[in-house]
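Chemist: Next comes structure.tsv, TSV, C-alpha atoms and all ligand atoms:
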chain	number	residue	atom	x	y	z
A	1472	MET	CA	-5.43	15.35	27.55
A	1473	ALA	CA	-9.03	16.03	26.56
A	1474	GLY	CA	-10.54	14.72	23.31
A	1475	ARG	CA	-9.20	12.61	20.52
A	1476	ILE	CA	-5.97	13.56	18.78
A	1477	TYR	CA	-6.51	13.13	15.04
A	1478	LEU	CA	-3.88	12.55	12.38
A	1479	SER	CA	-4.38	15.69	10.33
A	1480	PRO	CA	-7.58	17.54	11.22
A	1481	PRO	CA	-8.53	20.79	9.50
A	1482	ASP	CA	-7.51	23.96	11.34
A	1483	LEU	CA	-9.95	26.73	10.42
A	1484	SER	CA	-8.28	29.63	12.18
A	1485	GLY	CA	-8.27	32.25	9.41
A	1486	HIS	CA	-11.01	34.06	7.47
A	1487	GLU	CA	-12.85	30.87	6.45
A	1488	LEU	CA	-16.13	31.71	8.23
A	1489	GLN	CA	-16.13	35.28	6.96
A	1490	TYR	CA	-15.61	34.10	3.37
A	1491	ILE	CA	-18.43	31.54	3.70
A	1492	GLN	CA	-20.72	34.28	5.07
A	1493	ASP	CA	-19.72	36.57	2.18
A	1494	ALA	CA	-20.55	33.79	-0.31
A	1495	VAL	CA	-23.95	33.09	1.29
A	1496	ALA	CA	-24.80	36.79	1.66
A	1497	SER	CA	-24.05	37.41	-2.01
A	1498	ASN	CA	-25.95	34.26	-3.09
A	1499	TRP	CA	-22.97	32.64	-4.84
A	1500	ILE	CA	-23.70	28.98	-4.03
A	1501	ALA	CA	-22.61	27.64	-7.39
A	1502	PRO	CA	-19.46	26.61	-9.25
A	1503	PHE	CA	-18.87	30.32	-9.89
A	1504	GLY	CA	-18.42	33.29	-7.62
A	1505	PRO	CA	-16.05	35.89	-6.24
A	1506	GLN	CA	-14.49	33.56	-3.64
A	1507	LEU	CA	-13.73	31.01	-6.36
A	1508	ASP	CA	-12.13	33.75	-8.50
A	1509	THR	CA	-9.98	35.02	-5.62
A	1510	PHE	CA	-9.03	31.46	-4.67
A	1511	THR	CA	-7.94	30.71	-8.24
A	1512	HIS	CA	-5.96	33.94	-8.45
A	1513	THR	CA	-4.26	33.33	-5.07
A	1514	LEU	CA	-3.36	29.78	-6.10
A	1515	LYS	CA	-1.78	31.11	-9.28
A	1516	GLN	CA	0.31	33.55	-7.28
A	1517	ILE	CA	1.43	30.96	-4.73
A	1518	THR	CA	2.27	28.21	-7.23
A	1519	GLY	CA	3.59	30.41	-10.02
A	1520	SER	CA	1.49	28.38	-12.47
A	1521	ALA	CA	0.26	30.41	-15.46
A	1522	TYR	CA	-3.17	28.71	-15.41
A	1523	VAL	CA	-5.20	27.12	-12.63
A	1524	GLU	CA	-8.52	25.28	-12.96
A	1525	PRO	CA	-10.21	24.67	-9.60
A	1526	VAL	CA	-12.10	21.34	-9.47
A	1527	ASN	CA	-14.02	19.23	-6.96
A	1528	SER	CA	-11.22	16.78	-6.02
A	1529	GLY	CA	-7.63	15.78	-6.63
A	1530	THR	CA	-8.89	12.56	-8.19
A	1531	SER	CA	-10.95	14.42	-10.78
A	1532	ALA	CA	-7.97	16.71	-11.43
A	1533	ILE	CA	-5.86	13.64	-12.33
A	1534	HIS	CA	-8.66	12.31	-14.51
A	1535	LEU	CA	-8.91	15.64	-16.33
A	1536	ALA	CA	-5.13	15.69	-16.83
A	1537	LEU	CA	-5.24	12.25	-18.49
A	1538	LEU	CA	-8.26	13.24	-20.61
A	1539	ALA	CA	-6.71	16.53	-21.74
A	1540	LEU	CA	-3.46	14.76	-22.69
A	1541	GLY	CA	-5.40	12.21	-24.74
A	1542	ILE	CA	-4.52	9.14	-22.65
A	1543	SER	CA	-6.86	6.34	-23.64
A	1544	THR	CA	-7.40	2.61	-24.00
A	1545	GLY	CA	-4.22	0.55	-23.90
A	1546	ASP	CA	-1.82	3.46	-23.32
A	1547	LEU	CA	0.95	2.79	-20.79
A	1548	VAL	CA	1.14	5.17	-17.84
A	1549	PHE	CA	4.07	4.82	-15.44
A	1550	CYS	CA	2.96	5.37	-11.83
A	1551	PRO	CA	4.70	5.07	-8.47
A	1552	THR	CA	3.77	2.00	-6.46
A	1553	PHE	CA	4.20	3.93	-3.20
A	1554	THR	CA	1.21	6.23	-3.31
A	1555	PHE	CA	-2.50	6.48	-2.55
A	1556	ALA	CA	-4.75	4.58	-4.98
A	1557	ALA	CA	-6.32	7.84	-6.20
A	1558	SER	CA	-3.09	8.57	-8.14
A	1559	VAL	CA	-3.83	5.49	-10.24
A	1560	PHE	CA	-7.62	4.98	-10.37
A	1561	PRO	CA	-8.10	7.63	-13.10
A	1562	VAL	CA	-5.65	5.68	-15.31
A	1563	LEU	CA	-8.15	2.83	-15.14
A	1564	TYR	CA	-11.10	5.18	-15.76
A	1565	GLN	CA	-9.40	5.78	-19.12
A	1566	HIS	CA	-8.83	2.04	-19.72
A	1567	ALA	CA	-5.12	2.82	-19.89
A	1568	ILE	CA	-2.53	0.50	-18.31
A	1569	PRO	CA	-0.58	1.47	-15.19
A	1570	VAL	CA	2.99	0.20	-14.85
A	1571	PHE	CA	4.16	0.47	-11.26
A	1572	ILE	CA	7.60	1.78	-10.37
A	1573	ASP	CA	9.17	1.26	-6.95
A	1574	SER	CA	10.64	4.00	-4.77
A	1575	GLU	CA	14.19	5.05	-4.01
A	1576	SER	CA	14.99	5.30	-0.33
A	1577	ASP	CA	16.21	8.93	-0.31
A	1578	THR	CA	12.93	10.59	-1.29
A	1579	TRP	CA	10.52	7.59	-1.07
A	1580	ASN	CA	9.41	8.61	-4.57
A	1581	MET	CA	9.65	7.03	-8.03
A	1582	ASP	CA	13.09	5.53	-8.69
A	1583	PRO	CA	14.37	7.12	-11.95
A	1584	ASP	CA	16.58	4.11	-12.83
A	1585	LEU	CA	13.68	1.67	-12.56
A	1586	LEU	CA	11.46	4.08	-14.48
A	1587	GLU	CA	13.89	4.22	-17.38
A	1588	GLN	CA	14.25	0.45	-17.39
A	1589	ALA	CA	10.46	0.04	-17.51
A	1590	ILE	CA	10.15	2.53	-20.39
A	1591	LEU	CA	12.92	0.82	-22.37
A	1592	ASP	CA	11.32	-2.61	-21.88
A	1593	ALA	CA	7.94	-1.27	-23.06
A	1594	ILE	CA	9.49	0.43	-26.10
A	1595	GLU	CA	11.25	-2.82	-27.00
A	1596	GLN	CA	7.87	-4.58	-26.90
A	1597	LYS	CA	6.45	-1.78	-29.09
A	1598	LEU	CA	3.89	-0.83	-26.44
A	1599	PRO	CA	2.34	2.67	-26.52
A	1600	VAL	CA	4.24	4.50	-23.76
A	1601	LYS	CA	2.40	7.74	-23.11
A	1602	ALA	CA	2.74	9.34	-19.69
A	1603	ILE	CA	4.24	9.38	-16.21
A	1604	VAL	CA	2.23	10.18	-13.09
A	1605	LEU	CA	4.84	11.44	-10.65
A	1606	VAL	CA	3.84	11.81	-6.98
A	1607	HIS	CA	5.61	13.90	-4.31
A	1608	ILE	CA	4.63	11.60	-1.50
A	1609	TYR	CA	4.00	13.07	1.96
A	1610	GLY	CA	5.17	16.39	0.49
A	1611	PHE	CA	8.73	15.14	-0.22
A	1612	PRO	CA	9.88	16.35	-3.65
A	1613	ALA	CA	10.72	13.57	-6.12
A	1614	GLN	CA	13.89	13.49	-8.25
A	1615	LEU	CA	12.46	16.10	-10.62
A	1616	ASP	CA	15.63	16.80	-12.61
A	1617	ARG	CA	16.07	13.18	-13.56
A	1618	ILE	CA	12.42	12.41	-14.13
A	1619	THR	CA	11.69	15.47	-16.28
A	1620	ALA	CA	14.80	14.55	-18.35
A	1621	ILE	CA	13.49	10.98	-18.80
A	1622	ALA	CA	10.03	12.27	-19.80
A	1623	GLN	CA	11.64	14.51	-22.43
A	1624	LYS	CA	14.05	11.85	-23.69
A	1625	TYR	CA	11.25	9.33	-24.36
A	1626	ASN	CA	8.61	11.90	-25.31
A	1627	LEU	CA	6.24	11.09	-22.46
A	1628	TYR	CA	3.77	13.46	-20.85
A	1629	LEU	CA	4.51	14.26	-17.22
A	1630	ILE	CA	1.60	14.64	-14.80
A	1631	GLU	CA	2.71	15.73	-11.35
A	1632	ASP	CA	0.44	14.53	-8.57
A	1633	ALA	CA	1.20	17.25	-6.02
A	1634	ALA	CA	-1.93	16.40	-3.97
A	1635	GLU	CA	0.19	16.11	-0.82
A	1636	SER	CA	2.87	18.68	-1.63
A	1637	LEU	CA	1.26	22.13	-1.85
A	1638	GLY	CA	3.98	24.57	-0.78
A	1639	THR	CA	6.86	22.14	-1.39
A	1640	THR	CA	9.62	23.57	-3.57
A	1641	TYR	CA	12.36	22.00	-5.65
A	1642	LYS	CA	15.12	24.36	-6.81
A	1643	ASP	CA	12.95	27.29	-5.65
A	1644	ARG	CA	10.01	26.26	-7.81
A	1645	GLN	CA	6.69	24.88	-6.52
A	1646	THR	CA	6.00	21.20	-7.11
A	1647	GLY	CA	3.12	20.73	-9.53
A	1648	THR	CA	4.63	23.21	-12.01
A	1649	PHE	CA	7.33	21.02	-13.59
A	1650	GLY	CA	5.17	18.70	-15.67
A	1651	ASP	CA	2.73	19.25	-18.52
A	1652	ILE	CA	0.00	19.27	-15.88
A	1653	GLY	CA	0.13	19.40	-12.08
A	1654	VAL	CA	-2.58	18.35	-9.67
A	1655	LEU	CA	-3.49	19.51	-6.15
A	1656	SER	CA	-5.98	18.21	-3.58
A	1657	PHE	CA	-7.86	20.16	-0.93
A	1658	ASN	CA	-9.61	17.28	0.80
A	1659	GLY	CA	-10.16	17.33	4.55
A	1660	ASN	CA	-6.75	16.04	5.64
A	1661	LYS	CA	-4.57	18.15	3.35
A	1662	ILE	CA	-2.43	21.10	4.48
A	1663	VAL	CA	-5.00	23.41	2.88
A	1664	THR	CA	-8.57	22.12	2.72
A	1665	GLY	CA	-11.85	23.24	1.22
A	1666	GLY	CA	-13.68	20.22	2.69
A	1667	ASN	CA	-13.38	18.80	-0.80
A	1668	GLY	CA	-11.53	20.19	-3.76
A	1669	GLY	CA	-8.66	20.00	-6.17
A	1670	ALA	CA	-6.92	21.99	-8.86
A	1671	VAL	CA	-5.28	21.48	-12.23
A	1672	LEU	CA	-2.10	23.52	-12.88
A	1673	THR	CA	-0.60	24.10	-16.32
A	1674	ASN	CA	1.40	26.63	-18.28
A	1675	ASP	CA	-0.23	25.59	-21.55
A	1676	PRO	CA	-3.33	27.63	-22.49
A	1677	LEU	CA	-4.65	24.90	-24.81
A	1678	LEU	CA	-4.49	22.29	-22.06
A	1679	LEU	CA	-6.24	24.71	-19.70
A	1680	GLU	CA	-8.98	25.21	-22.27
A	1681	LYS	CA	-9.49	21.45	-22.66
A	1682	VAL	CA	-9.48	20.82	-18.90
A	1683	SER	CA	-11.90	23.65	-18.27
A	1684	LYS	CA	-14.35	22.46	-20.93
A	1685	LEU	CA	-14.26	18.80	-19.85
A	1686	ALA	CA	-14.78	19.77	-16.19
A	1687	ASN	CA	-17.87	21.74	-17.25
A	1688	GLN	CA	-19.85	18.99	-19.07
A	1689	ALA	CA	-17.97	19.65	-22.34
A	1690	LYS	CA	-20.33	22.47	-23.26
A	1691	GLU	CA	-19.47	23.97	-26.61
A	1692	ASN	CA	-19.16	27.73	-26.82
A	1693	LYS	CA	-22.63	28.21	-28.34
A	1694	PRO	CA	-25.69	30.22	-27.28
A	1695	TYR	CA	-27.51	26.88	-26.75
A	1696	TYR	CA	-26.49	23.50	-25.29
A	1697	GLU	CA	-24.22	21.59	-27.62
A	1698	HIS	CA	-21.88	18.75	-26.66
A	1699	ALA	CA	-19.46	17.27	-29.20
A	1700	GLU	CA	-17.67	15.03	-26.65
A	1701	ILE	CA	-18.28	13.43	-23.26
A	1702	GLY	CA	-18.04	15.87	-20.38
A	1703	TYR	CA	-17.81	15.67	-16.60
A	1704	ASN	CA	-19.21	17.70	-13.72
A	1705	TYR	CA	-15.90	18.27	-11.92
A	1706	ARG	CA	-16.21	21.95	-11.00
A	1707	MET	CA	-15.45	23.34	-7.57
A	1708	CYS	CA	-18.28	24.96	-5.63
A	1709	ASN	CA	-17.83	28.56	-4.47
A	1710	ILE	CA	-18.47	27.50	-0.84
A	1711	ASN	CA	-15.55	25.03	-0.92
A	1712	ALA	CA	-13.44	27.75	-2.51
A	1713	ALA	CA	-14.39	30.18	0.29
A	1714	ILE	CA	-13.06	27.74	2.89
A	1715	ALA	CA	-9.98	26.88	0.85
A	1716	LEU	CA	-9.23	30.58	0.29
A	1717	GLY	CA	-9.23	31.25	4.05
A	1718	GLN	CA	-6.86	28.30	4.42
A	1719	LEU	CA	-4.59	29.20	1.52
A	1720	GLU	CA	-3.90	32.62	2.98
A	1721	GLN	CA	-2.25	30.85	5.92
A	1722	LEU	CA	-0.18	28.34	3.94
A	1723	SER	CA	3.23	29.59	5.07
A	1724	GLU	CA	2.19	29.67	8.75
A	1725	LYS	CA	0.83	26.15	8.40
A	1726	ILE	CA	4.08	24.88	6.88
A	1727	GLU	CA	6.08	26.60	9.61
A	1728	LYS	CA	3.95	24.96	12.32
A	1729	LYS	CA	4.12	21.53	10.64
A	1730	LYS	CA	7.93	21.84	10.63
A	1731	LYS	CA	7.94	22.75	14.30
A	1732	ILE	CA	5.81	19.65	15.05
A	1733	ARG	CA	8.23	17.47	13.08
A	1734	ASP	CA	11.18	18.97	14.96
A	1735	TRP	CA	9.46	18.23	18.28
A	1736	TYR	CA	8.98	14.61	17.21
A	1737	SER	CA	12.67	14.41	16.21
A	1738	THR	CA	13.72	15.69	19.61
A	1739	HIS	CA	11.40	13.45	21.61
A	1740	LEU	CA	11.89	10.31	19.52
A	1741	LYS	CA	15.68	10.51	19.46
A	1742	GLY	CA	17.15	7.03	19.76
A	1743	PHE	CA	13.71	5.41	19.31
A	1744	ALA	CA	12.66	6.05	15.71
A	1745	GLU	CA	13.89	7.93	12.68
A	1746	VAL	CA	11.87	10.94	11.55
A	1747	LYS	CA	11.84	11.26	7.74
A	1748	THR	CA	12.88	14.59	6.22
A	1749	THR	CA	13.64	15.62	2.67
A	1750	ILE	CA	17.13	15.35	1.23
A	1751	GLN	CA	16.46	17.93	-1.48
A	1752	GLY	CA	14.30	21.01	-1.93
A	1753	ILE	CA	12.07	22.32	0.84
A	1754	ASP	CA	9.10	20.14	1.77
A	1755	ASN	CA	5.82	21.17	3.39
A	1756	ALA	CA	6.11	18.71	6.33
A	1757	TRP	CA	2.43	17.79	5.76
A	1758	LEU	CA	2.54	14.64	7.92
A	1759	THR	CA	5.36	13.57	10.22
A	1760	CYS	CA	6.44	10.11	9.05
A	1761	ILE	CA	8.77	7.85	10.97
A	1762	GLU	CA	10.58	4.58	10.41
A	1763	LEU	CA	10.51	2.22	13.39
A	1764	PRO	CA	13.29	-0.14	14.42
A	1765	ALA	CA	12.83	-3.82	13.50
A	1766	SER	CA	12.03	-4.63	17.17
A	1767	VAL	CA	8.62	-2.89	17.03
A	1768	THR	CA	5.79	-3.06	14.51
A	1769	PRO	CA	3.71	-0.10	13.32
A	1770	ASP	CA	0.50	-2.00	14.25
A	1771	HIS	CA	1.67	-2.33	17.86
A	1772	ILE	CA	2.32	1.43	18.14
A	1773	ILE	CA	-1.00	2.21	16.43
A	1774	SER	CA	-2.93	0.09	18.94
A	1775	CYS	CA	-1.04	1.57	21.95
A	1776	LEU	CA	-1.84	5.11	20.73
A	1777	GLU	CA	-5.44	4.15	19.91
A	1778	LYS	CA	-5.98	3.02	23.53
A	1779	GLU	CA	-5.15	6.61	24.52
A	1780	ASN	CA	-7.53	8.00	21.86
A	1781	ILE	CA	-4.75	9.05	19.49
A	1782	GLU	CA	-4.97	8.40	15.75
A	1783	SER	CA	-1.91	7.25	13.80
A	1784	ARG	CA	-1.70	5.41	10.49
A	1785	ARG	CA	0.42	3.02	8.48
A	1786	LEU	CA	2.21	4.51	5.48
A	1787	TRP	CA	0.72	3.86	2.03
A	1788	ASN	CA	0.41	0.17	1.20
A	1789	PRO	CA	2.13	-0.12	-2.22
A	1790	MET	CA	-0.11	-0.41	-5.26
A	1791	HIS	CA	1.49	-3.71	-6.32
A	1792	ASN	CA	-0.03	-5.22	-3.12
A	1793	GLN	CA	-3.55	-4.02	-3.92
A	1794	PRO	CA	-5.96	-6.69	-5.20
A	1795	VAL	CA	-7.52	-4.17	-7.62
A	1796	PHE	CA	-4.17	-3.69	-9.40
A	1797	LYS	CA	-2.86	-7.26	-9.21
A	1798	GLN	CA	-2.85	-7.83	-12.96
A	1799	TYR	CA	-0.51	-4.93	-13.68
A	1800	GLN	CA	3.25	-5.08	-14.02
A	1801	ALA	CA	5.43	-3.67	-11.25
A	1802	TYR	CA	9.14	-2.86	-11.38
A	1803	ARG	CA	10.23	-3.58	-7.84
A	1804	ASN	CA	13.31	-3.16	-5.70
A	1805	GLY	CA	11.78	-3.81	-2.25
A	1806	CYS	CA	11.94	-0.18	-1.12
A	1807	ALA	CA	8.19	0.58	-0.95
A	1808	ASP	CA	7.48	-2.71	0.85
A	1809	SER	CA	10.21	-1.99	3.36
A	1810	ILE	CA	8.93	1.55	4.07
A	1811	PHE	CA	5.40	0.18	4.38
A	1812	SER	CA	6.41	-2.49	6.86
A	1813	SER	CA	8.35	-0.19	9.19
A	1814	GLY	CA	6.73	3.24	8.72
A	1815	LEU	CA	4.08	5.22	10.54
A	1816	CYS	CA	2.34	8.61	10.17
A	1817	LEU	CA	1.97	10.50	13.44
A	1818	PRO	CA	-0.56	13.17	14.42
A	1819	SER	CA	0.47	16.38	12.68
A	1820	GLY	CA	-2.45	18.80	13.10
A	1821	THR	CA	-1.35	22.42	13.31
A	1822	ARG	CA	-3.08	22.97	16.67
A	1823	LEU	CA	-0.76	20.51	18.45
A	1824	ILE	CA	1.60	21.91	21.06
A	1825	GLU	CA	4.87	20.44	22.33
A	1826	GLU	CA	3.08	18.98	25.38
A	1827	ASP	CA	0.92	16.86	23.02
A	1828	ILE	CA	3.99	15.60	21.21
A	1829	ILE	CA	5.64	14.69	24.54
A	1830	HIS	CA	2.44	12.83	25.52
A	1831	ILE	CA	2.33	10.94	22.19
A	1832	THR	CA	6.03	10.06	22.15
A	1833	ASP	CA	5.96	8.96	25.82
A	1834	ILE	CA	3.20	6.46	24.99
A	1835	MET	CA	5.24	5.23	22.03
A	1836	LYS	CA	8.40	4.76	24.11
A	1837	ARG	CA	6.49	3.08	26.96
A	1838	SER	CA	4.96	0.63	24.49
A	1839	LEU	CA	8.26	-1.24	24.07
A	1901	LIG	C1	-1.12	11.30	-3.58
A	1901	LIG	C2	-2.58	11.59	-3.72
A	1901	LIG	N1	-3.11	11.66	-4.95
A	1901	LIG	C3	-4.40	11.95	-5.15
A	1901	LIG	C4	-5.25	12.18	-4.09
A	1901	LIG	C5	-6.70	12.43	-4.37
A	1901	LIG	O1	-7.17	13.63	-3.90
A	1901	LIG	P1	-8.73	13.79	-3.50
A	1901	LIG	O2	-8.94	13.08	-2.20
A	1901	LIG	O3	-8.90	15.27	-3.37
A	1901	LIG	O4	-9.53	13.22	-4.60
A	1901	LIG	C6	-4.74	12.15	-2.78
A	1901	LIG	C7	-5.55	12.41	-1.58
A	1901	LIG	O5	-6.57	11.93	-1.27
A	1901	LIG	C8	-3.38	11.82	-2.57
A	1901	LIG	O6	-2.87	11.72	-1.35
In structure tokens, how does this file's structure come out?
Modeler:
Amino acid sequence: MAGRIYLSPPDLSGHELQYIQDAVASNWIAPFGPQLDTFTHTLKQITGSAYVEPVNSGTSAIHLALLALGISTGDLVFCPTFTFAASVFPVLYQHAIPVFIDSESDTWNMDPDLLEQAILDAIEQKLPVKAIVLVHIYGFPAQLDRITAIAQKYNLYLIEDAAESLGTTYKDRQTGTFGDIGVLSFNGNKIVTGGNGGAVLTNDPLLLEKVSKLANQAKENKPYYEHAEIGYNYRMCNINAAIALGQLEQLSEKIEKKKKIRDWYSTHLKGFAEVKTTIQGIDNAWLTCIELPASVTPDHIISCLEKENIESRRLWNPMHNQPVFKQYQAYRNGCADSIFSSGLCLPSGTRLIEEDIIHITDIMKRSL
């Protein structure tokens, strides 16, 4: 096998180059332009979201969501512990307080029972409960019915971090469209990438207006510069949108190929490791994740693959284990720690062929 096998490299096999050339030729190298407009329109069509604001990262999209919903100092925001830190950092940008909720083993996402317990405890202590950041980790849809019902029951805002789940559906609806605001990421390892990028999804025109203004330095609608509040430069550049547009046009083919890769892993890892799939909805199969038997550690497999120039990675290390979050409360049941200690992400780039998967899984099996 020639060259390194990466975990989730970009696959620029559509009209990306043509769209970049169009953007350069027409001189639209700015946070405006025809490619950005088409990208936004296409994203609306694919997600079914009434409004879409393209931004420069998933992290800034989450920050904008919190800002637009008025989350501020001392507010409690319930977040999953099993996620990437970027789901939670913006909560701290706002000086709000994250409360971590463990996973349930079926979906690996936020456990609704623990969530409700955490909310009730906070209400009893008269703490300002404000919002839930719900993540669809590795593209697996969370328990949306139960969690949207809990958000409504306790009058909490729901922000869906769908950074990893573009194309995932739950009851025939795209993830990211169930909450008050949904968030997408288009960074380099996502199923659709613009190099960098993100998006805010909402069905509420007032929220869209707030998000849009804050992302654009909070400029008032005046014929001169006026700023009545603090703004941010979070806009997406037309060049990133040109790349992301070329990618977005191939979303269904990418999902189909990712599923094929996961099926190949299932076949070739039979009896060795369990390949995780969704138990509900239709996921995007972004990264193939496995759980290893107790007899073998993820670090051992990672180093055996690394010797053959193959990248693999541990699953997310829960937020309650992160030094930066150590002062915050976590409602735990052991699930996220258990997934972290036995799980692994395997190379899932859409250019892989079955021969690559046989090569990777042979190394894994030989490593025992
Ligand atoms: C679950 C999750 N949330 C948020 C983010 C942040 O997205 P970005 O890297 O575009 O800022 C990512 C990806 O990096 C992610 O995986």
Chemist: Report the distance between atom CA of Pro1612 of chain A and atom CA of Ile1828 of chain A in Å, rounded to one decimal place.
Modeler: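 That distance, rounded to one decimal, is 25.6 Å.
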Chemist: Could you check the closest approach to ligand LIG 1901 (chain A) for each of A:Ala1633, A:Val1671, A:Cys1550, A:Ile1618 and tell me which residue wins, using only C-alpha atoms and all ligand atoms?
Modeler: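 Selected residue with least distance to ligand LIG 1901 (chain A): A:Ala1633.
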Chemist: Within 8 Å of ligand LIG 1901 (chain A), which residues of chain A show up? Give each one with its shortest atom-to-atom distance in Å (one decimal) and the two atoms involved, counting all atoms listed in the file, rows by chain then rising residue number, as a Markdown table.
Modeler:
| residue | atom | partner | partner_atom | distance |
| --- | --- | --- | --- | --- |
| A:Asn1527 | CA | A:LIG1901 | O3 | 7.4 |
| A:Ser1528 | CA | A:LIG1901 | O3 | 3.8 |
| A:Gly1529 | CA | A:LIG1901 | O1 | 3.5 |
| A:Thr1530 | CA | A:LIG1901 | O4 | 3.7 |
| A:Ser1531 | CA | A:LIG1901 | O4 | 6.5 |
| A:Ala1532 | CA | A:LIG1901 | O4 | 7.8 |
| A:Ile1533 | CA | A:LIG1901 | C3 | 7.5 |
| A:Thr1554 | CA | A:LIG1901 | C1 | 5.6 |
| A:Phe1555 | CA | A:LIG1901 | C1 | 5.1 |
| A:Ala1556 | CA | A:LIG1901 | N1 | 7.3 |
| A:Ala1557 | CA | A:LIG1901 | C3 | 4.7 |
| A:Ser1558 | CA | A:LIG1901 | N1 | 4.4 |
| A:Val1606 | CA | A:LIG1901 | C1 | 6.0 |
| A:His1607 | CA | A:LIG1901 | C1 | 7.3 |
| A:Ile1608 | CA | A:LIG1901 | C1 | 6.1 |
| A:Tyr1609 | CA | A:LIG1901 | O6 | 7.7 |
| A:Asp1632 | CA | A:LIG1901 | N1 | 5.8 |
| A:Ala1633 | CA | A:LIG1901 | C1 | 6.8 |
| A:Ala1634 | CA | A:LIG1901 | C2 | 4.9 |
| A:Glu1635 | CA | A:LIG1901 | O6 | 5.4 |
| A:Leu1655 | CA | A:LIG1901 | O1 | 7.3 |
| A:Ser1656 | CA | A:LIG1901 | O3 | 4.1 |
| A:Phe1657 | CA | A:LIG1901 | O3 | 5.6 |
| A:Asn1658 | CA | A:LIG1901 | O3 | 4.7 |
| A:Lys1661 | CA | A:LIG1901 | C7 | 7.6 |
| A:Asn1667 | CA | A:LIG1901 | O3 | 6.3 |
| A:Gly1668 | CA | A:LIG1901 | O3 | 5.6 |
| A:Gly1669 | CA | A:LIG1901 | O3 | 5.5 |
Chemist: Nearest to Arg1617 of chain A: which of A:Gly1805, A:Val1548, A:Glu1575, A:Pro1583 is it, counting all atoms listed in the file?
Modeler: A:Pro1583
Chemist: Choose the residue, out of A:Asp1582, A:Asp1808, A:Glu1720, A:Asp1508, that has the smallest atom-to-atom separation from Thr1664 of chain A; count all atoms listed in the file.
Modeler: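 Of the candidates, the smallest distance to Thr1664 of chain A is held by A:Glu1720.
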Chemist: Using only C-alpha atoms, find the one residue out of A:Ala1539, A:Ala1501, A:Ile1517, A:Ile1710 that sits nearest to Leu1685 of chain A.
Modeler: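 Ranking A:Ala1539, A:Ala1501, A:Ile1517, A:Ile1710 by distance to Leu1685 of chain A, first place goes to A:Ala1539.
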Chemist: Rank A:Arg1785, A:Lys1642, A:Lys1624, A:Arg1475 by their smallest atom-to-atom distance to Leu1817 of chain A, using only C-alpha atoms, and report the top residue only.
Modeler: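 Ranking A:Arg1785, A:Lys1642, A:Lys1624, A:Arg1475 by distance to Leu1817 of chain A, first place goes to A:Arg1785.
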Chemist: Which residue, A:Asp1482, A:Thr1544, A:Arg1822, A:Thr1639, has the smallest gap to Val1600 of chain A when you use all atoms listed in the file?
Modeler: A:Thr1544
Chemist: I'd like a table as JSON lines: residues in segment 1489-1586 of chain A with an atom no more than 12 Å from segment 1750-1759 of chain A, each row giving the shortest atom pair and its distance in Å to one decimal, only C-alpha atoms counted, sorted by chain and rising residue number.
Modeler:
{"residue": "A:Glu1575", "atom": "CA", "partner": "A:Ile1750", "partner_atom": "CA", "distance": 11.9}
{"residue": "A:Ser1576", "atom": "CA", "partner": "A:Ile1750", "partner_atom": "CA", "distance": 10.4}
{"residue": "A:Asp1577", "atom": "CA", "partner": "A:Ile1750", "partner_atom": "CA", "distance": 6.7}
{"residue": "A:Thr1578", "atom": "CA", "partner": "A:Ile1750", "partner_atom": "CA", "distance": 6.8}
{"residue": "A:Trp1579", "atom": "CA", "partner": "A:Ile1750", "partner_atom": "CA", "distance": 10.4}
{"residue": "A:Asn1580", "atom": "CA", "partner": "A:Ile1750", "partner_atom": "CA", "distance": 11.8}
Chemist: Can you list, as a PDB file with C-alpha atoms, keeping the file's coordinate frame, every protein, DNA or RNA residue that comes within 10 Å of Ala1622 of chain A when you count all atoms listed in the file, leaving out same-chain residues fewer than 5 positions away?
Modeler:
ATOM      1  CA  LEU A1586      11.460   4.080 -14.480  1.00  0.00           C
ATOM      2  CA  GLU A1587      13.890   4.220 -17.380  1.00  0.00           C
ATOM      3  CA  ILE A1590      10.150   2.530 -20.390  1.00  0.00           C
ATOM      4  CA  LYS A1601       2.400   7.740 -23.110  1.00  0.00           C
ATOM      5  CA  ALA A1602       2.740   9.340 -19.690  1.00  0.00           C
ATOM      6  CA  ILE A1603       4.240   9.380 -16.210  1.00  0.00           C
ATOM      7  CA  ARG A1617      16.070  13.180 -13.560  1.00  0.00           C
ATOM      8  CA  LEU A1627       6.240  11.090 -22.460  1.00  0.00           C
ATOM      9  CA  TYR A1628       3.770  13.460 -20.850  1.00  0.00           C
ATOM     10  CA  LEU A1629       4.510  14.260 -17.220  1.00  0.00           C
ATOM     11  CA  GLY A1650       5.170  18.700 -15.670  1.00  0.00           C
TER      12      GLY A1650
END
Chemist: Would you pick out the contacts of Gln1721 of chain A at 8 Å or less, using all atoms listed in the file, so that residues sharing its chain but fewer than 4 positions from it are not included, and give the list as a list in words?
Modeler: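 Near Gln1721 of chain A, the qualifying residues are Gly1485, Gly1717 and Lys1725 of chain A.
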Chemist: Residues at most 8 Å from segment 1726-1732 of chain A, counting only C-alpha atoms, excluding those fewer than 2 positions away in the same chain, as a ChimeraX atom specification?
Modeler: /A:1638,1662,1722-1724,1734-1736,1755-1759,1819-1821,1823-1825,1828
Chemist: I'd like the neighbourhood of Ala1589 of chain A as number ranges by chain, where a residue qualifies if any of its atoms comes within 9 Å (using only C-alpha atoms), though same-chain residues fewer than 4 positions away should be ignored.
Modeler: A: 1549, 1570-1572, 1584-1585, 1593-1594, 1801-1802
Chemist: Give, as JSON, the centre coordinates and the x, y and z edge lengths in Å to one decimal for an axis-aligned box around all listed atoms of segment 1675-1679 of chain A, padded by 4 Å on each side.
Modeler:
{"center_x": -3.2, "center_y": 25.0, "center_z": -22.3, "size_x": 14.0, "size_y": 13.3, "size_z": 13.1}
